[in-house]
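Enquirer: Got a structure for you, run21.cif, holding mmCIF, C-alpha atoms.
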```
data_input
loop_
_atom_site.group_PDB
_atom_site.id
_atom_site.type_symbol
_atom_site.label_atom_id
_atom_site.label_comp_id
_atom_site.auth_asym_id
_atom_site.auth_seq_id
_atom_site.Cartn_x
_atom_site.Cartn_y
_atom_site.Cartn_z
ATOM 1 C CA MET M 202 26.358 -19.038 46.118
ATOM 2 C CA ASN M 203 25.705 -18.991 49.867
ATOM 3 C CA SER M 204 22.752 -16.812 50.739
ATOM 4 C CA ASN M 205 20.106 -16.298 53.368
ATOM 5 C CA VAL M 206 16.712 -14.627 53.365
ATOM 6 C CA SER M 207 15.823 -12.212 56.138
ATOM 7 C CA PRO M 208 12.329 -12.024 57.640
ATOM 8 C CA ALA M 209 11.756 -8.957 55.487
ATOM 9 C CA GLY M 210 12.388 -11.026 52.390
ATOM 10 C CA VAL M 211 15.768 -9.431 51.572
ATOM 11 C CA CYS M 212 18.345 -11.836 50.208
ATOM 12 C CA PHE M 213 21.863 -11.467 51.617
ATOM 13 C CA SER M 214 24.850 -12.926 49.790
ATOM 14 C CA TYR M 215 27.815 -14.236 51.746
ATOM 15 C CA ASN M 216 30.276 -14.684 48.874
ATOM 16 C CA MET M 217 30.849 -10.983 48.329
ATOM 17 C CA GLN M 218 34.555 -10.120 48.161
ATOM 18 C CA GLU M 219 36.161 -7.051 49.645
ATOM 19 C CA ASN M 220 38.998 -5.494 47.656
ATOM 20 C CA ARG M 221 41.081 -2.412 48.315
ATOM 21 C CA ILE M 222 41.746 0.180 45.643
ATOM 22 C CA SER M 223 44.204 3.056 45.655
ATOM 23 C CA ARG M 224 43.222 6.494 46.921
ATOM 24 C CA TRP M 225 43.786 9.326 44.438
ATOM 25 C CA TYR M 226 46.843 10.727 46.241
ATOM 26 C CA PHE M 227 48.689 7.444 46.885
ATOM 27 C CA GLY M 228 50.663 7.739 43.649
ATOM 28 C CA GLY M 229 52.122 11.101 44.654
ATOM 29 C CA VAL M 230 53.012 9.902 48.149
ATOM 30 C CA SER M 231 54.673 6.695 46.958
ATOM 31 C CA SER M 232 56.561 8.506 44.175
ATOM 32 C CA SER M 233 57.831 11.090 46.669
ATOM 33 C CA ALA M 234 59.067 8.366 49.008
ATOM 34 C CA ALA M 235 60.848 6.675 46.098
ATOM 35 C CA ALA M 236 62.369 9.998 44.997
ATOM 36 C CA CYS M 237 63.981 10.452 48.415
ATOM 37 C CA LEU M 238 65.859 7.192 47.867
ATOM 38 C CA THR M 239 66.877 7.744 44.245
ATOM 39 C CA HIS M 240 67.494 11.522 44.112
ATOM 40 C CA PRO M 241 71.326 11.306 43.931
ATOM 41 C CA LEU M 242 71.047 9.142 40.813
ATOM 42 C CA ASP M 243 68.632 11.640 39.277
ATOM 43 C CA LEU M 244 71.100 14.458 39.954
ATOM 44 C CA ILE M 245 73.989 12.591 38.307
ATOM 45 C CA LYS M 246 71.756 11.797 35.321
ATOM 46 C CA VAL M 247 70.991 15.514 34.824
ATOM 47 C CA HIS M 248 74.705 16.377 35.023
ATOM 48 C CA LEU M 249 75.575 13.792 32.396
ATOM 49 C CA GLN M 250 72.796 14.896 30.059
ATOM 50 C CA THR M 251 73.795 18.581 30.190
ATOM 51 C CA GLN M 252 77.422 17.987 29.213
ATOM 52 C CA GLN M 253 78.148 19.533 25.817
ATOM 53 C CA GLU M 254 80.789 16.867 25.262
ATOM 54 C CA VAL M 255 81.116 13.501 26.916
ATOM 55 C CA ARG M 256 83.907 14.150 29.408
ATOM 56 C CA LEU M 257 82.826 12.258 32.506
ATOM 57 C CA ARG M 258 80.989 8.996 33.023
ATOM 58 C CA MET M 259 78.660 8.156 35.879
ATOM 59 C CA ILE M 260 81.243 7.280 38.528
ATOM 60 C CA GLY M 261 83.555 10.110 37.495
ATOM 61 C CA MET M 262 80.702 12.634 37.665
ATOM 62 C CA THR M 263 79.661 11.377 41.106
ATOM 63 C CA VAL M 264 83.224 11.659 42.418
ATOM 64 C CA ASN M 265 83.545 15.124 40.883
ATOM 65 C CA VAL M 266 80.353 16.389 42.575
ATOM 66 C CA VAL M 267 81.286 14.958 45.979
ATOM 67 C CA ARG M 268 84.866 16.238 45.744
ATOM 68 C CA ARG M 269 83.785 19.778 44.824
ATOM 69 C CA GLU M 270 80.668 20.222 46.974
ATOM 70 C CA GLY M 271 80.474 17.376 49.501
ATOM 71 C CA TYR M 272 78.083 14.480 49.925
ATOM 72 C CA LEU M 273 75.049 16.671 50.641
ATOM 73 C CA ALA M 274 75.386 18.121 47.119
ATOM 74 C CA LEU M 275 73.983 14.826 45.852
ATOM 75 C CA TYR M 276 70.664 15.955 47.341
ATOM 76 C CA SER M 277 70.675 19.395 45.710
ATOM 77 C CA GLY M 278 67.173 20.182 44.479
ATOM 78 C CA LEU M 279 65.418 17.590 46.642
ATOM 79 C CA SER M 280 62.617 20.024 47.532
ATOM 80 C CA ALA M 281 61.955 20.639 43.823
ATOM 81 C CA SER M 282 62.036 16.906 43.147
ATOM 82 C CA LEU M 283 59.419 16.290 45.842
ATOM 83 C CA CYS M 284 57.307 19.161 44.509
ATOM 84 C CA ARG M 285 57.516 17.607 41.059
ATOM 85 C CA GLN M 286 56.368 14.232 42.352
ATOM 86 C CA MET M 287 53.434 15.820 44.182
ATOM 87 C CA THR M 288 52.318 17.542 40.974
ATOM 88 C CA TYR M 289 53.432 15.387 38.043
ATOM 89 C CA SER M 290 53.216 11.907 39.565
ATOM 90 C CA LEU M 291 50.203 12.630 41.748
ATOM 91 C CA SER M 292 48.259 13.858 38.703
ATOM 92 C CA ARG M 293 49.103 10.988 36.378
ATOM 93 C CA PHE M 294 48.513 8.281 38.999
ATOM 94 C CA ALA M 295 45.261 9.917 40.119
ATOM 95 C CA ILE M 296 43.930 10.112 36.551
ATOM 96 C CA TYR M 297 45.050 6.626 35.560
ATOM 97 C CA GLU M 298 44.014 4.691 38.654
ATOM 98 C CA THR M 299 40.727 6.503 39.275
ATOM 99 C CA ILE M 300 39.486 5.994 35.707
ATOM 100 C CA ARG M 301 40.850 2.440 35.476
ATOM 101 C CA ASP M 302 39.208 1.318 38.709
ATOM 102 C CA ARG M 303 35.885 2.854 37.718
ATOM 103 C CA ILE M 304 35.915 1.194 34.281
ATOM 104 C CA ASN M 305 36.903 -2.160 35.796
ATOM 105 C CA ARG M 306 34.029 -1.978 38.292
ATOM 106 C CA GLU M 307 31.481 -0.971 35.667
ATOM 107 C CA ASN M 308 32.566 -3.619 33.155
ATOM 108 C CA LYS M 309 33.252 -6.240 35.858
ATOM 109 C CA THR M 310 36.433 -7.197 34.003
ATOM 110 C CA LEU M 311 39.964 -5.891 33.548
ATOM 111 C CA MET M 312 40.723 -3.283 30.893
ATOM 112 C CA PRO M 313 42.425 -4.554 27.724
ATOM 113 C CA PHE M 314 46.023 -3.473 27.247
ATOM 114 C CA TYR M 315 45.386 -0.952 24.467
ATOM 115 C CA GLN M 316 42.983 0.943 26.745
ATOM 116 C CA LYS M 317 45.613 0.952 29.496
ATOM 117 C CA VAL M 318 48.112 2.416 27.022
ATOM 118 C CA LEU M 319 45.701 5.180 25.962
ATOM 119 C CA LEU M 320 44.779 5.969 29.559
ATOM 120 C CA GLY M 321 48.419 5.953 30.647
ATOM 121 C CA ALA M 322 49.340 8.311 27.817
ATOM 122 C CA PHE M 323 46.517 10.699 28.697
ATOM 123 C CA GLY M 324 47.359 10.716 32.410
ATOM 124 C CA GLY M 325 51.069 11.138 31.728
ATOM 125 C CA PHE M 326 50.544 13.977 29.262
ATOM 126 C CA ALA M 327 48.363 15.880 31.739
ATOM 127 C CA GLY M 328 50.758 15.180 34.605
ATOM 128 C CA GLY M 329 53.748 16.296 32.544
ATOM 129 C CA LEU M 330 52.093 19.628 31.814
ATOM 130 C CA ILE M 331 51.077 20.203 35.439
ATOM 131 C CA GLY M 332 54.516 19.271 36.748
ATOM 132 C CA THR M 333 56.593 21.330 34.270
ATOM 133 C CA PRO M 334 57.308 24.350 36.557
ATOM 134 C CA ALA M 335 58.589 22.140 39.394
ATOM 135 C CA ASP M 336 60.511 20.011 36.900
ATOM 136 C CA LEU M 337 62.250 23.092 35.468
ATOM 137 C CA VAL M 338 63.349 24.283 38.914
ATOM 138 C CA ASN M 339 64.402 20.735 39.799
ATOM 139 C CA VAL M 340 66.722 20.506 36.764
ATOM 140 C CA ARG M 341 68.228 23.943 37.464
ATOM 141 C CA MET M 342 68.847 23.256 41.166
ATOM 142 C CA GLN M 343 70.526 19.955 40.361
ATOM 143 C CA ASN M 344 72.686 21.479 37.641
ATOM 144 C CA ASP M 345 73.749 24.457 39.804
ATOM 145 C CA VAL M 346 76.263 22.272 41.606
ATOM 146 C CA LYS M 347 78.568 21.952 38.596
ATOM 147 C CA LEU M 348 78.416 25.607 37.482
ATOM 148 C CA PRO M 349 81.016 28.241 38.425
ATOM 149 C CA ALA M 350 79.958 30.324 41.433
ATOM 150 C CA GLU M 351 79.252 33.432 39.326
ATOM 151 C CA LEU M 352 76.841 31.531 37.047
ATOM 152 C CA ARG M 353 74.822 29.739 39.705
ATOM 153 C CA ARG M 354 71.195 30.631 40.227
ATOM 154 C CA ASN M 355 71.332 29.657 43.931
ATOM 155 C CA TYR M 356 67.643 28.972 44.471
ATOM 156 C CA ALA M 357 67.090 28.520 48.213
ATOM 157 C CA HIS M 358 64.286 25.999 47.688
ATOM 158 C CA VAL M 359 61.613 25.104 45.167
ATOM 159 C CA LEU M 360 59.251 27.989 46.040
ATOM 160 C CA ASP M 361 62.106 30.481 45.790
ATOM 161 C CA GLY M 362 62.997 29.016 42.404
ATOM 162 C CA LEU M 363 59.425 29.207 41.105
ATOM 163 C CA LEU M 364 59.001 32.814 42.244
ATOM 164 C CA ARG M 365 62.355 33.950 40.864
ATOM 165 C CA VAL M 366 61.749 32.373 37.461
ATOM 166 C CA TRP M 367 58.351 34.110 37.365
ATOM 167 C CA LYS M 368 59.790 37.510 38.341
ATOM 168 C CA GLU M 369 63.062 37.387 36.381
ATOM 169 C CA GLU M 370 62.050 35.500 33.232
ATOM 170 C CA GLY M 371 58.264 35.688 33.079
ATOM 171 C CA ILE M 372 55.501 33.220 33.816
ATOM 172 C CA PHE M 373 55.807 31.525 30.414
ATOM 173 C CA LYS M 374 59.382 30.469 31.212
ATOM 174 C CA LEU M 375 57.943 28.256 33.961
ATOM 175 C CA PHE M 376 56.471 26.163 31.170
ATOM 176 C CA SER M 377 59.641 26.062 29.082
ATOM 177 C CA GLY M 378 59.874 22.563 27.654
ATOM 178 C CA ALA M 379 56.238 21.792 28.540
ATOM 179 C CA THR M 380 55.649 20.059 25.212
ATOM 180 C CA MET M 381 58.607 17.738 25.693
ATOM 181 C CA ALA M 382 57.765 17.193 29.360
ATOM 182 C CA SER M 383 54.176 16.267 28.495
ATOM 183 C CA VAL M 384 55.160 13.884 25.697
ATOM 184 C CA ARG M 385 57.816 12.343 27.939
ATOM 185 C CA GLY M 386 55.243 12.034 30.721
ATOM 186 C CA ALA M 387 52.947 10.167 28.351
ATOM 187 C CA LEU M 388 55.703 7.747 27.306
ATOM 188 C CA VAL M 389 56.915 7.168 30.872
ATOM 189 C CA SER M 390 53.374 6.531 32.049
ATOM 190 C CA ILE M 391 52.786 4.006 29.274
ATOM 191 C CA GLY M 392 55.976 2.246 30.345
ATOM 192 C CA GLN M 393 55.338 2.478 34.070
ATOM 193 C CA LEU M 394 51.582 2.444 34.661
ATOM 194 C CA SER M 395 50.231 0.520 31.668
ATOM 195 C CA CYS M 396 53.089 -1.992 31.471
ATOM 196 C CA TYR M 397 53.087 -2.500 35.246
ATOM 197 C CA ASP M 398 49.379 -3.288 35.225
ATOM 198 C CA GLN M 399 49.707 -5.661 32.302
ATOM 199 C CA SER M 400 52.845 -7.431 33.505
ATOM 200 C CA LYS M 401 51.364 -7.879 36.993
ATOM 201 C CA GLN M 402 48.233 -9.340 35.414
ATOM 202 C CA LEU M 403 50.307 -11.756 33.303
ATOM 203 C CA VAL M 404 52.507 -12.792 36.253
ATOM 204 C CA LEU M 405 49.436 -13.563 38.393
ATOM 205 C CA ALA M 406 47.804 -15.438 35.495
ATOM 206 C CA THR M 407 50.631 -18.016 35.523
ATOM 207 C CA GLY M 408 49.311 -19.358 38.800
ATOM 208 C CA TYR M 409 52.797 -19.553 40.286
ATOM 209 C CA PHE M 410 52.626 -16.170 42.020
ATOM 210 C CA THR M 411 50.268 -14.416 44.382
ATOM 211 C CA ASP M 412 49.636 -10.704 44.845
ATOM 212 C CA ASN M 413 52.676 -10.065 47.046
ATOM 213 C CA ILE M 414 55.914 -8.054 47.069
ATOM 214 C CA LEU M 415 57.719 -10.510 44.782
ATOM 215 C CA THR M 416 55.039 -10.080 42.119
ATOM 216 C CA HIS M 417 55.145 -6.291 42.552
ATOM 217 C CA PHE M 418 58.944 -6.370 42.225
ATOM 218 C CA LEU M 419 58.973 -8.432 39.024
ATOM 219 C CA ALA M 420 56.241 -6.371 37.377
ATOM 220 C CA SER M 421 57.842 -3.050 38.327
ATOM 221 C CA VAL M 422 61.304 -4.054 37.037
ATOM 222 C CA PHE M 423 59.756 -4.842 33.660
ATOM 223 C CA ALA M 424 57.765 -1.589 33.728
ATOM 224 C CA GLY M 425 60.877 0.453 34.552
ATOM 225 C CA GLY M 426 62.757 -1.111 31.641
ATOM 226 C CA CYS M 427 59.927 -0.277 29.235
ATOM 227 C CA ALA M 428 59.788 3.303 30.486
ATOM 228 C CA ILE M 429 63.518 3.956 30.076
ATOM 229 C CA ILE M 430 63.570 2.633 26.495
ATOM 230 C CA LEU M 431 60.605 4.795 25.510
ATOM 231 C CA CYS M 432 61.549 8.088 27.114
ATOM 232 C CA GLN M 433 65.341 8.497 27.155
ATOM 233 C CA PRO M 434 65.767 10.526 23.917
ATOM 234 C CA LEU M 435 62.999 12.923 24.932
ATOM 235 C CA ASP M 436 64.401 13.132 28.457
ATOM 236 C CA VAL M 437 67.732 14.354 27.099
ATOM 237 C CA VAL M 438 66.093 17.056 24.963
ATOM 238 C CA LYS M 439 63.773 18.137 27.795
ATOM 239 C CA THR M 440 66.676 18.499 30.210
ATOM 240 C CA ARG M 441 68.687 20.566 27.721
ATOM 241 C CA ILE M 442 65.776 22.943 27.042
ATOM 242 C CA MET M 443 64.945 23.446 30.712
ATOM 243 C CA ASN M 444 68.572 24.095 31.635
ATOM 244 C CA SER M 445 69.202 26.459 28.714
ATOM 245 C CA LYS M 446 69.744 30.208 28.942
ATOM 246 C CA LEU M 447 67.916 30.939 25.678
ATOM 247 C CA GLU M 448 70.509 29.187 23.481
ATOM 248 C CA TYR M 449 67.761 27.009 22.005
ATOM 249 C CA ARG M 450 65.099 28.834 19.990
ATOM 250 C CA SER M 451 62.669 25.909 19.921
ATOM 251 C CA VAL M 452 62.298 22.181 20.504
ATOM 252 C CA LEU M 453 63.279 21.569 16.881
ATOM 253 C CA HIS M 454 66.407 23.694 17.291
ATOM 254 C CA CYS M 455 67.380 21.701 20.389
ATOM 255 C CA LEU M 456 66.773 18.446 18.517
ATOM 256 C CA THR M 457 68.973 19.504 15.601
ATOM 257 C CA GLU M 458 71.766 20.783 17.855
ATOM 258 C CA THR M 459 71.715 17.556 19.884
ATOM 259 C CA ALA M 460 71.683 15.483 16.693
ATOM 260 C CA LYS M 461 74.892 17.216 15.561
ATOM 261 C CA LEU M 462 76.632 15.528 18.492
ATOM 262 C CA GLY M 463 75.705 12.139 17.048
ATOM 263 C CA PRO M 464 72.980 9.540 17.731
ATOM 264 C CA LYS M 465 74.543 8.578 21.051
ATOM 265 C CA ALA M 466 73.873 12.103 22.334
ATOM 266 C CA PHE M 467 70.181 11.218 22.664
ATOM 267 C CA TYR M 468 71.125 8.439 25.062
ATOM 268 C CA LYS M 469 73.517 10.421 27.252
ATOM 269 C CA GLY M 470 73.112 9.291 30.819
ATOM 270 C CA LEU M 471 71.317 6.089 29.802
ATOM 271 C CA VAL M 472 72.986 3.949 32.466
ATOM 272 C CA PRO M 473 72.339 6.326 35.375
ATOM 273 C CA ALA M 474 68.861 6.994 33.976
ATOM 274 C CA ALA M 475 68.150 3.264 34.023
ATOM 275 C CA ILE M 476 69.794 2.858 37.423
ATOM 276 C CA ARG M 477 67.577 5.689 38.691
ATOM 277 C CA LEU M 478 64.303 5.010 36.901
ATOM 278 C CA ILE M 479 64.125 1.258 37.415
ATOM 279 C CA PRO M 480 64.728 1.412 41.204
ATOM 280 C CA GLN M 481 62.405 4.407 41.442
ATOM 281 C CA THR M 482 59.719 2.452 39.593
ATOM 282 C CA VAL M 483 60.243 -0.541 41.876
ATOM 283 C CA PHE M 484 60.110 1.534 45.073
ATOM 284 C CA THR M 485 57.123 3.528 43.822
ATOM 285 C CA PHE M 486 54.975 0.486 43.106
ATOM 286 C CA ILE M 487 56.037 -1.416 46.210
ATOM 287 C CA PHE M 488 55.128 1.614 48.347
ATOM 288 C CA LEU M 489 51.912 2.095 46.352
ATOM 289 C CA GLU M 490 50.830 -1.521 46.764
ATOM 290 C CA GLN M 491 51.538 -1.425 50.498
ATOM 291 C CA LEU M 492 49.555 1.792 50.896
ATOM 292 C CA LYS M 493 46.710 0.235 48.935
ATOM 293 C CA GLN M 494 46.717 -2.990 50.935
ATOM 294 C CA HIS M 495 46.742 -1.269 54.321
ATOM 295 C CA PHE M 496 45.007 2.062 53.752
ATOM 296 C CA GLY M 497 43.144 1.734 50.433
ATOM 297 C CA LEU M 498 39.446 2.271 49.864
ATOM 298 C CA VAL M 499 37.403 -0.872 50.480
ATOM 299 C CA VAL M 500 35.091 -1.865 47.628
ATOM 300 C CA VAL M 501 32.760 -4.870 47.594
ATOM 301 C CA THR M 502 32.649 -6.948 44.421
#
```
Could you rewrite the structure in this file as structure tokens?
Expert:
Amino acid sequence: MNSNVSPAGVCFSYNMQENRISRWYFGGVSSSAAACLTHPLDLIKVHLQTQQEVRLRMIGMTVNVVRREGYLALYSGLSASLCRQMTYSLSRFAIYETIRDRINRENKTLMPFYQKVLLGAFGGFAGGLIGTPADLVNVRMQNDVKLPAELRRNYAHVLDGLLRVWKEEGIFKLFSGATMASVRGALVSIGQLSCYDQSKQLVLATGYFTDNILTHFLASVFAGGCAIILCQPLDVVKTRIMNSKLEYRSVLHCLTETAKLGPKAFYKGLVPAAIRLIPQTVFTFIFLEQLKQHFGLVVVT
């Protein structure tokens, strides 16, 4: 170790390393940026999941939306989607990364995978609960496009939607599907946050890759795949509950009614969900890593 002793007798070390860690709000910002790019796919996924019978596939649904409402209809509910990212994703990233970085610094080593899974589940569950109101309005605004004019809710924007749900249906309706949203948030966060961390660690450990965009891309593709496998059945049920007009009495009732449509009903919209979630995961982590590298907090190790 290179060192020098000052006249005052203080020893200075010259092999200290400076690293950058994420700021607490970077996850929300990067997720919002990714959502702007993948929102049309999210909208088509919601439309496919809320079909009572499988009538249209992904391309057919996209053509149907554009033909009926125009290209801008693919961005219906964007304000609610951004609000959701700045509540749900900001919370889960803030919890996960803040606690992880602190534990890593205190232990001077990386967390084992099982701890990452537990932390990801906790952060995702909390984020899912916090983001439920915005998620509910997001689903309704996206689904409005395919409803007849007389049945549309016609929320002007996310704040209008939140206020109208509160006034017309009560404050508890804002948290309709909160249990499913929280459990789904936990599963998605295990797939995205925990698996991204672990896969990035394993990719770097091979010695063939450095901490660059290629590594971030490979790790995030794997993380997105894990997330979609874990959360798709719950995502279908959550979407149905949030979009319902009191036809489901409980989560169990929704599960049983969906099960009557057959096992494949739980994987409605799987392809568009994967096409949306995997690119969104990739964009989110690439944006997050760039924010961290250029604007992150500097820590000396």
Enquirer: Looking at only C-alpha atoms, which of M:Thr310, M:Ser231, M:Thr251, M:Thr457 is the one that sits closest to M:Val437?
Expert: M:Thr251
Enquirer: Between M:Asn339, M:Met287, M:Tyr397, M:Ser377, which one has atoms that come closest to M:Asp361, using all atoms listed in the file?
Expert: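 Answer, going by the shortest atom-to-atom distance: M:Asn339.
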Enquirer: Pull out every residue that the PyMOL selection byres ((chain M and resi 262-278) around 7) matches in the shown coordinates and put them as a list in words.
Expert: His240, Pro241, Leu244, Ile245, Leu257, Arg258, Met259, Ile260, Gly261, Leu279, Ser280, Ala281, Ser282, Asn339, Met342, Gln343 and Val346 of chain M
Enquirer: For the selection you just gave me, I'd like the residues written to a file as a short mmCIF file (atom, residue, chain, number, x, y, z; two decimals), keeping the file's coordinate frame, keeping C-alpha atoms.
Expert:
```cif
data_model
loop_
_atom_site.label_atom_id
_atom_site.label_comp_id
_atom_site.auth_asym_id
_atom_site.auth_seq_id
_atom_site.Cartn_x
_atom_site.Cartn_y
_atom_site.Cartn_z
CA HIS M 240 67.49 11.52 44.11
CA PRO M 241 71.33 11.31 43.93
CA LEU M 244 71.10 14.46 39.95
CA ILE M 245 73.99 12.59 38.31
CA LEU M 257 82.83 12.26 32.51
CA ARG M 258 80.99 9.00 33.02
CA MET M 259 78.66 8.16 35.88
CA ILE M 260 81.24 7.28 38.53
CA GLY M 261 83.56 10.11 37.49
CA LEU M 279 65.42 17.59 46.64
CA SER M 280 62.62 20.02 47.53
CA ALA M 281 61.96 20.64 43.82
CA SER M 282 62.04 16.91 43.15
CA ASN M 339 64.40 20.74 39.80
CA MET M 342 68.85 23.26 41.17
CA GLN M 343 70.53 19.95 40.36
CA VAL M 346 76.26 22.27 41.61
#
```
Enquirer: Please indicate the distance in Å from atom CA of M:Leu375 to atom CA of M:His454, rounded to one decimal place.
Expert: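 Separation of atom CA of M:Leu375 and atom CA of M:His454: 19.2 Å.
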Enquirer: Nearest to M:Lys465 among M:Ser451, M:Gln399, M:Thr333, M:Gln433, with distances taken over all atoms listed in the file: which residue is it?
Expert: M:Gln433
Enquirer: Tell me which protein, DNA and RNA residues are within 12 Å of M:Phe486, counting only C-alpha atoms, leaving out same-chain ones fewer than 6 positions away, and put them as a compact mmCIF listing (two decimals) with C-alpha atoms, in the frame of the given file.
Expert:
```
# COMPACT_ATOMS: atom_id res chain seq x y z
CA SER M 223 44.20 3.06 45.66
CA PHE M 227 48.69 7.44 46.88
CA GLY M 228 50.66 7.74 43.65
CA GLY M 229 52.12 11.10 44.65
CA VAL M 230 53.01 9.90 48.15
CA SER M 231 54.67 6.70 46.96
CA SER M 232 56.56 8.51 44.18
CA SER M 233 57.83 11.09 46.67
CA ALA M 234 59.07 8.37 49.01
CA ALA M 235 60.85 6.68 46.10
CA PHE M 294 48.51 8.28 39.00
CA GLN M 393 55.34 2.48 34.07
CA LEU M 394 51.58 2.44 34.66
CA TYR M 397 53.09 -2.50 35.25
CA ASP M 398 49.38 -3.29 35.22
CA LYS M 401 51.36 -7.88 36.99
CA ASN M 413 52.68 -10.06 47.05
CA ILE M 414 55.91 -8.05 47.07
CA LEU M 415 57.72 -10.51 44.78
CA THR M 416 55.04 -10.08 42.12
CA HIS M 417 55.14 -6.29 42.55
CA PHE M 418 58.94 -6.37 42.22
CA LEU M 419 58.97 -8.43 39.02
CA ALA M 420 56.24 -6.37 37.38
CA SER M 421 57.84 -3.05 38.33
CA VAL M 422 61.30 -4.05 37.04
CA PHE M 423 59.76 -4.84 33.66
CA ALA M 424 57.76 -1.59 33.73
CA GLY M 425 60.88 0.45 34.55
CA ILE M 479 64.12 1.26 37.42
CA PRO M 480 64.73 1.41 41.20
CA LEU M 492 49.56 1.79 50.90
CA LYS M 493 46.71 0.24 48.94
CA GLN M 494 46.72 -2.99 50.94
```
Enquirer: Taking all atoms listed in the file into account, which of M:Ala406, M:Leu456, M:Val318, M:Ile429 comes nearest M:Ile476?
Expert: M:Ile429
Enquirer: Quick one: distance from atom CA of M:Gln252 to atom CA of M:Glu369 in Å, one decimal?
Expert: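 These atoms are spaced 25.2 Å apart.
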Enquirer: Mind completing stretch 228-239 of chain M with N, CA and C atoms? Output as a compact mmCIF listing (two decimals), in the coordinates of the input, please?
Expert:
```
# COMPACT_ATOMS: atom_id res chain seq x y z
N GLY M 228 49.59 7.72 44.64
CA GLY M 228 50.66 7.74 43.65
C GLY M 228 51.68 8.82 43.93
N GLY M 229 51.21 10.01 44.32
CA GLY M 229 52.12 11.10 44.65
C GLY M 229 52.94 10.81 45.90
N VAL M 230 52.31 10.22 46.90
CA VAL M 230 53.01 9.90 48.15
C VAL M 230 54.08 8.83 47.90
N SER M 231 53.71 7.78 47.20
CA SER M 231 54.67 6.70 46.96
C SER M 231 55.81 7.15 46.04
N SER M 232 55.52 7.99 45.06
CA SER M 232 56.56 8.51 44.18
C SER M 232 57.52 9.42 44.93
N SER M 233 56.99 10.21 45.86
CA SER M 233 57.83 11.09 46.67
C SER M 233 58.76 10.29 47.56
N ALA M 234 58.23 9.23 48.17
CA ALA M 234 59.07 8.37 49.01
C ALA M 234 60.18 7.72 48.19
N ALA M 235 59.84 7.28 46.98
CA ALA M 235 60.85 6.68 46.10
C ALA M 235 61.89 7.70 45.68
N ALA M 236 61.44 8.94 45.42
CA ALA M 236 62.37 10.00 45.00
C ALA M 236 63.41 10.30 46.07
N CYS M 237 63.03 10.21 47.32
CA CYS M 237 63.98 10.45 48.42
C CYS M 237 65.13 9.44 48.38
N LEU M 238 64.83 8.24 47.91
CA LEU M 238 65.86 7.19 47.87
C LEU M 238 66.72 7.27 46.61
N THR M 239 66.17 7.78 45.53
CA THR M 239 66.88 7.74 44.24
C THR M 239 67.34 9.12 43.76
```
